[in-house]
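One structure is given below, encoded as structure tokens.
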Amino acid sequence: MDEAAFLERISARLGRSIPEDRPPRNVQGAPDFWRQRSSGAQELILRFQAELEKLGGQVERFEDRSAMLAFLKSLLKDLDPTRIGVWGGNFMDEYQLEEVLSPYEVVTWGNQGVEAFQAAEVSISGCAFAIADTGTMVMMSSETHGRSVAVLPTVHIVILRQEQIHGTMGEVLESLSQMGRSLPASVHFISGASRSSDIENDQTIGIHGPARIVAFIL
């Protein structure tokens with residue numbers, strides 16, 4: 001049955017004629033009332049935290065870097081990893097991670113490749129954006145920010161600043177579209193721990209990515 005006959009048959013069943021012209025579409029994209037929502041910084045943080053925790057993620061908030069480093073030290077003591085993977089470049093210096101990570105074997109993206117991260121139990125990275133509506137963190141790859149840092153270890157710790165949290169997915173997609181040809185090869189959206197289900201809907205955590213996500217908000 002060709003397309004015209006198929007549509008005629010449906011129209012006949014519905015008692016309608018086939019329109020000759022496409023119906024007008026006056027609205028494109030998100031409606032104005034959705035795009036023009038405004039939220040304060042604290043509201044965005046609370047919404048992001050609530051949504052990520054719904055997905056099984058953990059959110060910790062800190063007033064300053066010293067408080068964050070103290071909590072990180074305690075968390076790593078509990079996790080007791082033999083190897084930790086981190087972003088390269090100036091990431092370690094930016095958050096002054098050297099002292100906290102000194103008791104552990106640390107592999108750095110850019111200095112070591114994918115193979116080194118396959119044996120890392122914990123990874124620490126930043127992110128490009130976070131999305132309050134969905135509890136999502138957005139990673140963009142580069143020479144020093146490899147995607148494997150966020151995918152291979154069992155526990156992924158993400159450090160983000162409150163100004164990186166946007167309200168909607170649309171806001172982030174608009175920012176990404178403005179990058180044009182400078183958009184990296186990999187843009188990775190992370191919403192909670194990795195979840196996989198088989199044909200019988202038996203869910204398993206951590207098969208295709210970390211089993212635990214911890215977001216540190218500065």
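Here, A, B, ... name the chains of the structure tokens in the order displayed, residue numbers run from 1 inside each chain, and ligands are numbered from 1 in the same displayed order.
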Would you return as a ChimeraX atom specification the members of region 84-193 of chain A that DSSP assigns to strand (DSSP E) on this structure's backbone?
-> /A:84-86,105-108,122-125,129-131,136-140,155-160,165-166,187-190
I'd like a table as CSV: residues in region 49-146 of chain A with an atom no more than 9 Å from region 165-184 of chain A, each row giving the shortest atom pair and its distance in Å to one decimal, only C-alpha atoms counted, sorted by chain and rising residue number.
```
residue,atom,partner,partner_atom,distance
A:Phe129,CA,A:Ile165,CA,6.1
A:Ala130,CA,A:Ile165,CA,4.5
A:Ile131,CA,A:His166,CA,5.0
A:Ala132,CA,A:Gly167,CA,4.9
A:Asp133,CA,A:Thr168,CA,5.6
A:Thr134,CA,A:Thr168,CA,7.7
A:Thr136,CA,A:Met169,CA,8.7
A:Met137,CA,A:Ile165,CA,8.8
A:Val138,CA,A:Val172,CA,8.7
A:Met140,CA,A:Pro184,CA,6.4
A:Ser141,CA,A:Pro184,CA,6.0
A:Ser142,CA,A:Pro184,CA,6.8
```
Under the rule of at most 10 Å, produce a per-residue listing of region 154-205 of chain A near region 71-88 of chain A: chain, number, name, the closest pair of atoms, and the distance in Å, as a Markdown table, using only C-alpha atoms.
```
| residue | atom | partner | partner_atom | distance |
| --- | --- | --- | --- | --- |
| A:Val155 | CA | A:Leu79 | CA | 9.0 |
| A:His156 | CA | A:Gly85 | CA | 9.3 |
| A:Ile157 | CA | A:Leu72 | CA | 9.2 |
```
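Closest approach to Ile190 (chain A) from the set A:Asn26, A:Trp109, A:Ile217, A:Ala150 is made by A:Ala150, with distances taken over only C-alpha atoms.
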Give me the residues within 12 Å of Gly113 (chain A) as number ranges by chain, counting only C-alpha atoms and dropping any in the same chain fewer than 2 places off.
-> A: 85-88, 107-111, 115-120, 143-149, 152
Any chance you could list, as an MDAnalysis selection string, the residues in region 7-216 of chain A that come up helix (DSSP H, G or I) when DSSP is run on the backbone?
-> chainID A and resid 7:14 32:35 41:54 65:79 91:95 98:101 114:117 148:151 162:164 169:177 180:182
Show which residues sit within 6 Å of region 42-59 of chain A, as an MDAnalysis selection string. Count only C-alpha atoms, and ignore same-chain residues fewer than 2 positions away.
-> chainID A and resid 39:40 132 134:135 192 213:215
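Separating CA of Asp202 (chain A) from CA of Val158 (chain A) is a distance of 28.0 Å.
Interatomic distance, CA of Glu94 (chain A) to CA of Arg65 (chain A): 10.1 Å.
For the atom pair formed by CA of Val106 (chain A) and CA of Leu160 (chain A), the distance is 20.5 Å, given to one decimal.
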